[in-house]
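Structure data follow from entry-v9.cif (mmCIF, C-alpha atoms):
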```cif
data_upload
loop_
_atom_site.label_atom_id
_atom_site.label_comp_id
_atom_site.auth_asym_id
_atom_site.auth_seq_id
_atom_site.Cartn_x
_atom_site.Cartn_y
_atom_site.Cartn_z
CA MET R 1 0.00 0.00 0.00
CA ARG R 2 1.20 3.53 -0.79
CA THR R 3 0.06 6.87 0.65
CA GLN R 4 1.40 10.37 1.11
CA VAL R 5 0.89 10.57 4.90
CA ALA R 6 0.59 7.49 7.12
CA ILE R 7 -1.14 8.36 10.40
CA ILE R 8 -0.68 6.10 13.42
CA GLY R 9 -3.66 6.49 15.75
CA GLY R 10 -7.37 6.75 15.00
CA GLY R 11 -8.29 9.12 17.81
CA PRO R 12 -9.41 12.72 17.31
CA SER R 13 -5.99 14.14 16.40
CA GLY R 14 -5.19 11.49 13.78
CA LEU R 15 -8.67 11.71 12.29
CA LEU R 16 -8.60 15.52 12.24
CA LEU R 17 -5.29 15.53 10.39
CA SER R 18 -6.60 12.97 7.91
CA GLN R 19 -9.79 14.92 7.27
CA LEU R 20 -8.02 18.28 6.87
CA LEU R 21 -5.49 16.83 4.41
CA HIS R 22 -8.22 15.02 2.48
CA ARG R 23 -10.00 18.32 1.82
CA LYS R 24 -6.77 19.59 0.24
CA GLY R 25 -6.25 16.50 -1.91
CA VAL R 26 -3.53 14.87 0.20
CA ASP R 27 -3.90 11.09 0.56
CA THR R 28 -3.69 9.47 4.00
CA VAL R 29 -4.07 6.09 5.67
CA VAL R 30 -4.98 5.88 9.37
CA LEU R 31 -3.90 2.91 11.50
CA GLU R 32 -5.82 2.25 14.72
CA ARG R 33 -4.99 -0.42 17.30
CA LYS R 34 -8.56 -0.83 18.56
CA THR R 35 -11.98 -0.95 16.92
CA ARG R 36 -14.08 2.10 16.07
CA ASP R 37 -16.60 1.21 18.80
CA TYR R 38 -13.80 1.00 21.37
CA VAL R 39 -12.41 4.40 20.41
CA LEU R 40 -15.88 5.94 20.64
CA SER R 41 -16.47 4.41 24.08
CA ARG R 42 -13.63 6.35 25.67
CA ILE R 43 -14.79 9.23 27.89
CA ARG R 44 -12.47 12.21 27.60
CA ALA R 45 -12.35 15.99 27.68
CA GLY R 46 -15.19 18.19 26.57
CA ILE R 47 -13.89 21.77 26.31
CA LEU R 48 -12.70 23.04 22.93
CA GLU R 49 -10.54 26.13 22.55
CA ARG R 50 -11.33 28.69 19.88
CA GLY R 51 -8.54 27.31 17.66
CA PHE R 52 -9.92 23.77 17.82
CA VAL R 53 -13.41 25.03 16.98
CA SER R 54 -12.01 26.78 13.90
CA LEU R 55 -10.16 23.62 12.81
CA MET R 56 -13.35 21.56 13.09
CA ARG R 57 -15.12 24.02 10.82
CA GLU R 58 -12.21 24.06 8.38
CA ALA R 59 -12.32 20.26 8.30
CA GLY R 60 -16.00 20.42 7.34
CA VAL R 61 -17.19 18.74 10.54
CA GLY R 62 -18.40 21.71 12.56
CA GLU R 63 -22.11 21.61 11.77
CA ARG R 64 -23.25 19.35 14.63
CA MET R 65 -20.77 20.97 17.01
CA ASP R 66 -22.20 24.41 16.25
CA ARG R 67 -25.74 23.09 16.61
CA GLU R 68 -25.38 20.98 19.76
CA GLY R 69 -22.33 22.38 21.55
CA PHE R 70 -22.58 24.76 24.47
CA ILE R 71 -20.76 28.08 24.32
CA HIS R 72 -19.23 29.06 27.66
CA ASP R 73 -18.42 32.70 28.27
CA GLY R 74 -16.61 32.11 31.56
CA THR R 75 -15.94 29.82 34.49
CA LEU R 76 -16.28 29.85 38.27
CA ILE R 77 -13.42 29.55 40.76
CA ALA R 78 -14.44 28.54 44.30
CA TYR R 79 -12.66 28.56 47.65
CA ASP R 80 -13.69 29.10 51.26
CA ASN R 81 -17.34 28.37 50.42
CA GLU R 82 -17.47 31.27 47.98
CA SER R 83 -16.92 31.62 44.26
CA PHE R 84 -16.02 34.26 41.71
CA ARG R 85 -16.38 34.30 37.95
CA VAL R 86 -13.70 34.77 35.31
CA ASP R 87 -15.49 36.24 32.30
CA PHE R 88 -13.77 35.00 29.12
CA LYS R 89 -16.00 36.97 26.79
CA ASP R 90 -15.47 40.26 28.57
CA LEU R 91 -11.73 39.79 29.09
CA THR R 92 -10.76 38.31 25.70
CA ASP R 93 -13.81 38.73 23.46
CA THR R 94 -13.59 34.95 22.98
CA THR R 95 -15.41 31.88 24.30
CA VAL R 96 -14.90 28.12 24.57
CA MET R 97 -17.15 25.34 23.31
CA VAL R 98 -18.36 22.45 25.48
CA TYR R 99 -18.54 19.50 23.09
CA GLY R 100 -17.35 16.07 24.19
CA GLN R 101 -14.33 14.34 22.68
CA THR R 102 -16.56 11.37 21.85
CA GLU R 103 -18.74 13.66 19.74
CA VAL R 104 -15.70 15.16 18.02
CA THR R 105 -14.42 11.68 17.19
CA GLN R 106 -17.85 10.53 16.00
CA ASP R 107 -18.10 13.49 13.61
CA LEU R 108 -14.62 12.83 12.25
CA TYR R 109 -15.24 9.11 11.74
CA ASP R 110 -18.48 9.89 9.91
CA ALA R 111 -16.69 12.38 7.66
CA ARG R 112 -13.82 10.01 6.86
CA GLU R 113 -16.22 7.18 6.05
CA ALA R 114 -18.35 9.44 3.85
CA ALA R 115 -15.20 10.29 1.91
CA ASP R 116 -14.11 6.62 1.71
CA GLY R 117 -11.07 7.47 3.83
CA LYS R 118 -8.75 4.55 4.48
CA ILE R 119 -8.78 3.51 8.16
CA VAL R 120 -7.30 0.17 9.19
CA PHE R 121 -8.49 -1.09 12.58
CA GLN R 122 -7.07 -3.70 14.95
CA VAL R 123 -3.47 -3.22 13.91
CA GLU R 124 -0.72 -4.80 16.00
CA ASP R 125 3.08 -4.83 15.94
CA VAL R 126 3.30 -1.43 14.25
CA THR R 127 6.88 -0.53 13.35
CA VAL R 128 8.12 2.73 11.85
CA ASN R 129 10.99 2.02 9.47
CA ASP R 130 13.56 4.33 7.87
CA ALA R 131 11.97 7.47 9.29
CA ASP R 132 15.33 9.22 9.00
CA THR R 133 15.33 8.73 5.21
CA ASP R 134 13.17 10.11 2.42
CA LYS R 135 11.43 6.75 2.02
CA PRO R 136 9.82 5.83 5.36
CA TYR R 137 7.47 2.88 5.64
CA ILE R 138 5.34 1.21 8.27
CA THR R 139 4.87 -2.49 8.83
CA TYR R 140 2.02 -3.90 10.89
CA ARG R 141 -0.20 -6.90 11.41
CA THR R 142 -3.99 -7.26 11.37
CA PRO R 143 -6.22 -10.30 11.90
CA ASP R 144 -5.89 -10.80 8.11
CA GLY R 145 -2.09 -10.93 8.15
CA GLU R 146 0.97 -8.70 7.78
CA ASP R 147 1.02 -5.55 5.67
CA ARG R 148 3.15 -2.54 4.77
CA ILE R 149 2.54 1.12 3.95
CA ASP R 150 5.09 3.14 2.00
CA CYS R 151 4.69 6.88 2.50
CA ASP R 152 6.26 10.32 2.32
CA PHE R 153 5.65 11.17 5.98
CA VAL R 154 4.50 9.50 9.21
CA ALA R 155 2.30 11.30 11.76
CA GLY R 156 2.47 9.70 15.21
CA CYS R 157 -0.90 10.37 16.85
CA ASP R 158 -0.92 7.16 18.89
CA GLY R 159 -0.86 8.47 22.44
CA PHE R 160 1.50 8.26 25.37
CA HIS R 161 1.93 4.48 25.17
CA GLY R 162 2.18 4.28 21.39
CA VAL R 163 5.10 3.25 19.21
CA SER R 164 5.79 6.61 17.57
CA ARG R 165 7.73 8.31 20.35
CA GLN R 166 9.63 5.09 21.06
CA SER R 167 10.71 5.07 17.41
CA ILE R 168 12.89 8.13 18.00
CA PRO R 169 16.34 6.97 19.18
CA LEU R 170 17.19 7.56 22.82
CA ASP R 171 20.28 9.56 21.90
CA VAL R 172 18.00 11.97 20.03
CA ARG R 173 15.00 12.06 22.34
CA ARG R 174 14.83 13.97 25.62
CA GLU R 175 11.92 13.69 28.03
CA TYR R 176 10.74 15.98 30.83
CA GLU R 177 8.24 14.77 33.40
CA LYS R 178 6.50 15.72 36.63
CA VAL R 179 4.25 13.15 38.31
CA TYR R 180 1.70 14.60 40.73
CA PRO R 181 1.01 12.87 44.07
CA PHE R 182 -2.74 12.53 43.49
CA GLY R 183 -5.30 11.55 40.89
CA TRP R 184 -8.78 12.53 39.77
CA LEU R 185 -11.77 10.33 40.54
CA GLY R 186 -14.30 11.08 37.82
CA VAL R 187 -17.98 10.22 37.60
CA LEU R 188 -20.26 10.53 34.59
CA SER R 189 -23.98 10.71 35.39
CA GLU R 190 -27.18 11.29 33.46
CA THR R 191 -28.09 14.34 35.53
CA PRO R 192 -28.37 18.05 34.72
CA PRO R 193 -25.17 19.99 35.49
CA VAL R 194 -25.09 21.88 38.75
CA ASP R 195 -24.29 25.13 36.94
CA ASP R 196 -24.38 26.54 33.42
CA GLU R 197 -20.59 26.93 33.61
CA LEU R 198 -17.78 24.87 35.09
CA ILE R 199 -16.90 25.19 38.78
CA TYR R 200 -13.24 24.70 39.77
CA SER R 201 -13.08 24.37 43.54
CA ASN R 202 -10.16 24.60 45.96
CA SER R 203 -11.17 22.92 49.22
CA ALA R 204 -9.38 21.97 52.41
CA ARG R 205 -10.48 18.41 51.57
CA GLY R 206 -8.98 18.60 48.07
CA PHE R 207 -9.85 19.79 44.61
CA ALA R 208 -13.24 19.31 42.91
CA LEU R 209 -14.55 20.10 39.43
CA CYS R 210 -18.15 20.32 38.30
CA SER R 211 -18.27 19.91 34.54
CA MET R 212 -20.78 18.88 31.90
CA ARG R 213 -21.21 17.16 28.54
CA ASN R 214 -24.71 18.38 27.71
CA ALA R 215 -27.93 19.52 29.39
CA ASN R 216 -28.56 16.05 30.84
CA LEU R 217 -25.07 14.58 31.15
CA SER R 218 -22.69 15.78 33.85
CA ARG R 219 -19.06 15.03 34.58
CA TYR R 220 -17.73 15.53 38.11
CA TYR R 221 -14.26 15.03 39.58
CA ILE R 222 -12.64 15.01 42.99
CA GLN R 223 -8.99 14.84 43.89
CA CYS R 224 -8.10 11.46 45.38
CA SER R 225 -5.10 9.51 46.56
CA MET R 226 -3.28 7.39 44.00
CA SER R 227 -3.66 4.48 46.40
CA ASP R 228 -7.45 4.66 46.00
CA HIS R 229 -9.35 2.25 43.78
CA VAL R 230 -12.65 2.84 42.02
CA GLU R 231 -14.16 0.06 44.12
CA ASP R 232 -13.39 2.09 47.26
CA TRP R 233 -15.90 4.73 46.20
CA SER R 234 -19.60 4.04 46.13
CA ASP R 235 -21.78 6.53 44.26
CA GLN R 236 -23.15 7.84 47.55
CA ASN R 237 -19.67 8.35 49.00
CA PHE R 238 -18.63 10.23 45.89
CA TRP R 239 -21.63 12.58 45.95
CA ASP R 240 -21.23 13.21 49.68
CA GLU R 241 -17.57 14.09 49.23
CA LEU R 242 -18.21 16.30 46.21
CA LYS R 243 -20.79 18.29 48.18
CA ARG R 244 -18.25 18.89 50.93
CA ARG R 245 -15.78 20.40 48.44
CA ILE R 246 -17.99 22.86 46.59
CA PRO R 247 -19.79 25.95 47.92
CA ASP R 248 -23.00 25.27 49.83
CA GLU R 249 -25.01 27.16 47.22
CA ALA R 250 -23.90 24.66 44.55
CA ALA R 251 -24.14 21.63 46.85
CA ASP R 252 -27.75 22.46 47.69
CA LYS R 253 -28.86 22.32 44.06
CA LEU R 254 -26.65 19.39 42.97
CA VAL R 255 -28.73 16.65 41.33
CA THR R 256 -27.24 13.22 41.99
CA GLY R 257 -27.87 9.89 40.34
CA PRO R 258 -26.30 6.55 39.45
CA SER R 259 -22.88 6.76 37.80
CA ILE R 260 -22.67 5.42 34.26
CA GLU R 261 -18.87 5.62 34.25
CA LYS R 262 -16.38 5.94 37.07
CA SER R 263 -12.59 6.01 36.82
CA ILE R 264 -9.41 7.29 38.46
CA ALA R 265 -6.87 9.13 36.31
CA PRO R 266 -3.30 9.90 37.42
CA LEU R 267 -1.95 13.39 36.80
CA ARG R 268 1.35 14.10 35.09
CA SER R 269 3.12 16.77 33.09
CA PHE R 270 5.29 15.36 30.30
CA VAL R 271 7.07 16.66 27.22
CA ALA R 272 9.26 14.82 24.72
CA GLU R 273 11.66 16.75 22.50
CA PRO R 274 12.06 16.96 19.57
CA MET R 275 8.62 16.35 18.06
CA ARG R 276 10.14 15.51 14.69
CA TRP R 277 12.74 12.95 13.67
CA GLY R 278 13.36 12.78 9.97
CA ARG R 279 9.96 12.21 8.38
CA LEU R 280 8.25 11.14 11.61
CA PHE R 281 6.22 13.77 13.45
CA LEU R 282 4.76 13.40 16.96
CA CYS R 283 1.36 14.89 17.75
CA GLY R 284 -0.72 15.09 20.93
CA ASP R 285 -0.19 12.63 23.76
CA ALA R 286 2.56 10.90 21.81
CA ALA R 287 4.68 13.97 22.59
CA HIS R 288 3.17 15.61 25.65
CA ILE R 289 0.76 15.14 28.55
CA VAL R 290 -0.80 17.81 30.77
CA PRO R 291 -2.87 17.52 33.94
CA PRO R 292 -6.55 17.87 33.00
CA THR R 293 -6.80 21.06 35.06
CA GLY R 294 -7.39 23.76 32.47
CA ALA R 295 -8.57 21.42 29.68
CA LYS R 296 -5.42 21.59 27.57
CA GLY R 297 -4.81 17.95 26.58
CA LEU R 298 -7.07 17.59 23.54
CA ASN R 299 -6.59 21.25 22.64
CA THR R 300 -2.81 21.02 22.62
CA ALA R 301 -3.10 18.02 20.30
CA ALA R 302 -5.22 20.18 18.01
CA SER R 303 -2.54 22.88 17.91
CA ASP R 304 0.01 20.24 16.86
CA ILE R 305 -2.32 19.20 14.06
CA TYR R 306 -2.64 22.83 12.97
CA TYR R 307 1.13 23.22 12.64
CA LEU R 308 1.65 19.84 10.97
CA TYR R 309 -1.29 20.21 8.57
CA ASN R 310 -0.07 23.58 7.36
CA ALA R 311 3.53 22.35 7.15
CA LEU R 312 2.51 19.39 5.00
CA LEU R 313 0.40 21.61 2.73
CA GLN R 314 3.39 23.91 2.30
CA TYR R 315 5.48 20.91 1.28
CA PHE R 316 2.99 19.24 -1.08
CA GLU R 317 1.57 22.41 -2.66
CA GLU R 318 4.66 24.62 -2.78
CA ASN R 319 7.51 22.10 -2.55
CA ASP R 320 8.72 24.11 0.44
CA SER R 321 10.08 22.24 3.48
CA GLU R 322 10.26 25.27 5.80
CA GLY R 323 7.10 24.26 7.66
CA ILE R 324 8.15 20.67 8.31
CA ASP R 325 11.66 21.79 9.25
CA ARG R 326 10.24 24.13 11.88
CA TYR R 327 7.31 21.95 13.01
CA SER R 328 8.91 20.80 16.26
CA GLU R 329 10.08 24.30 17.18
CA ARG R 330 6.68 25.87 16.57
CA ALA R 331 4.66 23.12 18.23
CA LEU R 332 6.88 22.97 21.32
CA ALA R 333 6.77 26.75 21.82
CA ARG R 334 3.01 26.51 22.30
CA VAL R 335 3.13 23.16 24.14
CA TRP R 336 5.34 24.54 26.89
CA LYS R 337 3.00 27.49 27.42
CA ALA R 338 0.09 25.06 27.80
CA GLU R 339 2.19 22.97 30.19
CA ARG R 340 2.86 26.06 32.29
CA PHE R 341 -0.80 26.99 32.43
CA SER R 342 -1.91 23.47 33.38
CA TRP R 343 0.81 23.27 36.05
CA TRP R 344 -0.23 26.67 37.42
CA MET R 345 -3.93 25.77 37.63
CA THR R 346 -3.08 22.44 39.25
CA ASN R 347 -0.95 24.15 41.90
CA LEU R 348 -3.62 26.80 42.46
CA LEU R 349 -6.47 24.38 43.12
CA HIS R 350 -5.10 21.13 44.61
CA ARG R 351 -3.90 20.15 48.04
CA TYR R 352 -0.49 18.50 48.18
CA PRO R 353 0.51 15.99 50.87
CA ASP R 354 3.62 17.99 51.81
CA GLN R 355 2.10 21.49 51.80
CA THR R 356 3.17 23.62 54.76
CA GLU R 357 1.08 26.31 56.41
CA PHE R 358 3.15 28.83 54.47
CA ASP R 359 2.34 27.04 51.20
CA LEU R 360 -1.37 27.12 52.01
CA ARG R 361 -1.31 30.85 52.77
CA ILE R 362 0.50 31.52 49.49
CA GLN R 363 -2.09 29.45 47.64
CA ARG R 364 -4.88 31.43 49.27
CA ALA R 365 -3.13 34.72 48.45
CA GLU R 366 -2.89 33.61 44.82
CA LEU R 367 -6.63 32.88 44.75
CA GLU R 368 -7.45 36.23 46.34
CA PHE R 369 -5.18 38.04 43.90
CA LEU R 370 -6.88 36.33 40.99
CA ARG R 371 -10.28 37.23 42.41
CA SER R 372 -9.45 40.91 42.83
CA ASN R 373 -7.16 41.64 39.89
CA GLN R 374 -8.55 42.00 36.38
CA ALA R 375 -5.11 41.72 34.77
CA ALA R 376 -4.57 38.35 36.46
CA GLN R 377 -7.99 37.20 35.30
CA ARG R 378 -7.20 38.30 31.75
CA VAL R 379 -4.02 36.21 31.74
CA MET R 380 -5.98 33.20 32.94
CA ALA R 381 -8.76 33.81 30.40
CA GLU R 382 -6.32 34.21 27.49
CA ASN R 383 -4.72 30.88 28.32
CA TYR R 384 -8.01 29.11 28.98
CA VAL R 385 -9.67 30.08 25.69
CA GLY R 386 -6.45 29.16 23.90
CA LEU R 387 -3.37 31.07 22.88
CA PRO R 388 -3.24 31.89 19.17
CA TYR R 389 -1.53 29.41 16.86
#
```
Translate this file's structure into structure tokens.
Amino acid sequence: MRTQVAIIGGGPSGLLLSQLLHRKGVDTVVLERKTRDYVLSRIRAGILERGFVSLMREAGVGERMDREGFIHDGTLIAYDNESFRVDFKDLTDTTVMVYGQTEVTQDLYDAREAADGKIVFQVEDVTVNDADTDKPYITYRTPDGEDRIDCDFVAGCDGFHGVSRQSIPLDVRREYEKVYPFGWLGVLSETPPVDDELIYSNSARGFALCSMRNANLSRYYIQCSMSDHVEDWSDQNFWDELKRRIPDEAADKLVTGPSIEKSIAPLRSFVAEPMRWGRLFLCGDAAHIVPPTGAKGLNTAASDIYYLYNALLQYFEENDSEGIDRYSERALARVWKAERFSWWMTNLLHRYPDQTEFDLRIQRAELEFLRSNQAAQRVMAENYVGLPY
């Protein structure tokens, strides 16, 4: 098999790249380790930055998002049983879109299938070969046997545990990591959200987040120990603990119900450099991870796709390699800013096991400064809605 761009990973970033390139006449093949149903069953982020929203529209898959998504003009920050609002619209003249990753992926799969896009599912033993030459190729195995794709470029969109990053030699690759001493216990419930906007809450008992997917589907999180297991938390225990961590006004109107999904996610900050080796490019979680505080994971993957998509167009349409030569530099410049913001929000809102009384007073002072200072709120808002590409 021969294609111009071989894409490893059939999640939202790989599909978005494939769809964008297709609309410009560039041929792609997407390889996905799991089935389509499995990919669509994964519950992930639901807040799209302005740049991601624009990319969805450019890819021709923004119609349902614009019809069913929820525009959020701001968010609430809570501490000491009170809350204040950071107004994105007023501070930046920009908003974010609440539209679940599952919906994004569904729209992209539908678009690729309507265009007869080539997606190979249930691939195993994927190997990137000769990426440091001008004739890279990928070998892999499916239930039908072994196969090979010859290509001009390889886009590694296969996540933190994928093969793409591992294909870059250790003497070339450098990794930076911070592992946080807590996780997030998340619950999905078919209940109306407690508020029209998200509530980020700093509590003496630990962080909490009240989020949403739509008018009748809510997503809630509480900070938990990494020694906890999902089985340790009954639905009732979760709701009781959530109510203790959010302002009374929100707790009093919280609608609870059976969980339809419950999981614990560890938190880490991670960056691999460079994001390009020869004709192999890393995108999204293959290159970087952020804590979910601040909703930057999926959005940072989208910014990678923006840079790579435009770089590949520059190469194929203009025979100009400037974009691909500078892809890693441009992507990493924005990645590190997103890492900083996610790290800052995590430090602002969570309780750490080794925090001293001094640390807690500094954290409170930071919250009070954010509450009272419009310039500080503008900095937060600019980062939250998404820095320009």
Note to self: For a test of reading the model, state the distance in Å between atom CA of R:Glu146 and atom CA of R:Gly25, rounded to one decimal.
What the structure shows: 27.9 Å
Check: In terms of the shortest atom-to-atom distance over all atoms listed in the file, which of R:Arg112, R:Arg334, R:Lys89, R:Arg50 is closest to R:Leu21?
Finding: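 The closest residue to R:Leu21 is R:Arg112.
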Notebook entry, point to check: Counting all atoms listed in the file, what is within 10 Å of stretch 78-84 of chain R, bar same-chain residues fewer than 6 positions away, as a ChimeraX atom specification?
Noted result: /R:199-204,207-209,244-250,349,364,367-368,370-372
Residue selection dump (C-alpha atoms) as an mmCIF file, in the frame of the given file:
```cif
data_model
loop_
_atom_site.group_PDB
_atom_site.id
_atom_site.type_symbol
_atom_site.label_atom_id
_atom_site.label_comp_id
_atom_site.auth_asym_id
_atom_site.auth_seq_id
_atom_site.Cartn_x
_atom_site.Cartn_y
_atom_site.Cartn_z
ATOM 1 C CA ILE R 199 -16.900 25.190 38.780
ATOM 2 C CA TYR R 200 -13.240 24.700 39.770
ATOM 3 C CA SER R 201 -13.080 24.370 43.540
ATOM 4 C CA ASN R 202 -10.160 24.600 45.960
ATOM 5 C CA SER R 203 -11.170 22.920 49.220
ATOM 6 C CA ALA R 204 -9.380 21.970 52.410
ATOM 7 C CA PHE R 207 -9.850 19.790 44.610
ATOM 8 C CA ALA R 208 -13.240 19.310 42.910
ATOM 9 C CA LEU R 209 -14.550 20.100 39.430
ATOM 10 C CA ARG R 244 -18.250 18.890 50.930
ATOM 11 C CA ARG R 245 -15.780 20.400 48.440
ATOM 12 C CA ILE R 246 -17.990 22.860 46.590
ATOM 13 C CA PRO R 247 -19.790 25.950 47.920
ATOM 14 C CA ASP R 248 -23.000 25.270 49.830
ATOM 15 C CA GLU R 249 -25.010 27.160 47.220
ATOM 16 C CA ALA R 250 -23.900 24.660 44.550
ATOM 17 C CA LEU R 349 -6.470 24.380 43.120
ATOM 18 C CA ARG R 364 -4.880 31.430 49.270
ATOM 19 C CA LEU R 367 -6.630 32.880 44.750
ATOM 20 C CA GLU R 368 -7.450 36.230 46.340
ATOM 21 C CA LEU R 370 -6.880 36.330 40.990
ATOM 22 C CA ARG R 371 -10.280 37.230 42.410
ATOM 23 C CA SER R 372 -9.450 40.910 42.830
#
```
Item checked: Residues within 9 Å of (-9.2, 27.1, 16.6), counting all atoms listed in the file, listed as a list in words -> Leu48, Glu49, Arg50, Gly51, Phe52, Val53, Ser54, Leu55, Met56, Arg57, Asn299, Ala302, Ser303, Tyr306, Gly386, Pro388 and Tyr389 of chain R
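The shortest atom-to-atom distance to R:Ser189, with all atoms listed in the file taken into account, belongs to R:Gly257 out of R:Gly145, R:Gly14, R:Gly162, R:Gly257.
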Checklist line | Picked residues, the PyMOL selection byres ((chain R and resi 19) around 12), expected as a PyMOL selection string | finding: chain R and resi 5+7+10+12-18+20-30+55-61+105+107-119+305+309
Item checked: Using only C-alpha atoms: which of R:Leu40, R:Met97, R:Met226, R:Ile264 has the shortest distance to R:Gly62 ->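 Between R:Leu40, R:Met97, R:Met226, R:Ile264, the residue approaching R:Gly62 most closely is R:Met97.
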Notebook entry, point to check: Quick one: which residues end up in the PyMOL selection byres ((chain R and resi 132) around 12) for this structure, as a list in words?
Noted result: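 Selection result, ordered by chain and number: Val128, Asn129, Asp130, Ala131, Thr133, Asp134, Lys135, Pro136, Tyr137, Asp152, Phe153, Val154, Ser167, Ile168, Pro169, Val172, Arg276, Trp277, Gly278, Arg279, Leu280 and Phe281 of chain R.
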Export of prior selection with C-alpha atoms as a PDB file, in the coordinates of the input:
```pdb
ATOM      1  CA  VAL R 128       8.120   2.730  11.850  1.00  0.00           C
ATOM      2  CA  ASN R 129      10.990   2.020   9.470  1.00  0.00           C
ATOM      3  CA  ASP R 130      13.560   4.330   7.870  1.00  0.00           C
ATOM      4  CA  ALA R 131      11.970   7.470   9.290  1.00  0.00           C
ATOM      5  CA  THR R 133      15.330   8.730   5.210  1.00  0.00           C
ATOM      6  CA  ASP R 134      13.170  10.110   2.420  1.00  0.00           C
ATOM      7  CA  LYS R 135      11.430   6.750   2.020  1.00  0.00           C
ATOM      8  CA  PRO R 136       9.820   5.830   5.360  1.00  0.00           C
ATOM      9  CA  TYR R 137       7.470   2.880   5.640  1.00  0.00           C
ATOM     10  CA  ASP R 152       6.260  10.320   2.320  1.00  0.00           C
ATOM     11  CA  PHE R 153       5.650  11.170   5.980  1.00  0.00           C
ATOM     12  CA  VAL R 154       4.500   9.500   9.210  1.00  0.00           C
ATOM     13  CA  SER R 167      10.710   5.070  17.410  1.00  0.00           C
ATOM     14  CA  ILE R 168      12.890   8.130  18.000  1.00  0.00           C
ATOM     15  CA  PRO R 169      16.340   6.970  19.180  1.00  0.00           C
ATOM     16  CA  VAL R 172      18.000  11.970  20.030  1.00  0.00           C
ATOM     17  CA  ARG R 276      10.140  15.510  14.690  1.00  0.00           C
ATOM     18  CA  TRP R 277      12.740  12.950  13.670  1.00  0.00           C
ATOM     19  CA  GLY R 278      13.360  12.780   9.970  1.00  0.00           C
ATOM     20  CA  ARG R 279       9.960  12.210   8.380  1.00  0.00           C
ATOM     21  CA  LEU R 280       8.250  11.140  11.610  1.00  0.00           C
ATOM     22  CA  PHE R 281       6.220  13.770  13.450  1.00  0.00           C
TER      23      PHE R 281
END
```
Check: Which of these residues is nearest to R:Glu366, using all atoms listed in the file: R:Ile260, R:Ile77, R:Ala272, R:Ala286?
Finding: R:Ile77
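Here, the PyMOL selection byres ((chain R and resi 313) around 10) matches R:Leu20, R:Leu21, R:Lys24, R:Gly25, R:Val26, R:Leu308, R:Tyr309, R:Asn310, R:Ala311, R:Leu312, R:Gln314, R:Tyr315, R:Phe316, R:Glu317, R:Glu318, R:Asn319, R:Asp320, R:Ser321, R:Gly323, R:Ile324.
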Let's have the selection written as a CSV table (one decimal), in the coordinates of the input, with C-alpha atoms.
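Heads up, here's the output in result.csv:
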```
chain,number,residue,atom,x,y,z
R,20,LEU,CA,-8.0,18.3,6.9
R,21,LEU,CA,-5.5,16.8,4.4
R,24,LYS,CA,-6.8,19.6,0.2
R,25,GLY,CA,-6.2,16.5,-1.9
R,26,VAL,CA,-3.5,14.9,0.2
R,308,LEU,CA,1.6,19.8,11.0
R,309,TYR,CA,-1.3,20.2,8.6
R,310,ASN,CA,-0.1,23.6,7.4
R,311,ALA,CA,3.5,22.4,7.2
R,312,LEU,CA,2.5,19.4,5.0
R,314,GLN,CA,3.4,23.9,2.3
R,315,TYR,CA,5.5,20.9,1.3
R,316,PHE,CA,3.0,19.2,-1.1
R,317,GLU,CA,1.6,22.4,-2.7
R,318,GLU,CA,4.7,24.6,-2.8
R,319,ASN,CA,7.5,22.1,-2.6
R,320,ASP,CA,8.7,24.1,0.4
R,321,SER,CA,10.1,22.2,3.5
R,323,GLY,CA,7.1,24.3,7.7
R,324,ILE,CA,8.2,20.7,8.3
```
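The coordinates place atom CA of R:Gln377 at 28.2 Å from atom CA of R:Asp285.
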Margin query: Residues within 12 Å of (-1.8, 23.7, 41.8), file coordinates, counting all atoms listed in the file: what are they? Give the list as a ChimeraX atom specification.
Written below: /R:180-182,200-203,206-207,223,267,291-294,340-352,355,359-360,362-364,366-367
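As for atom CA of R:Arg219 and atom CA of R:Gly186, they are spaced 7.0 Å apart.
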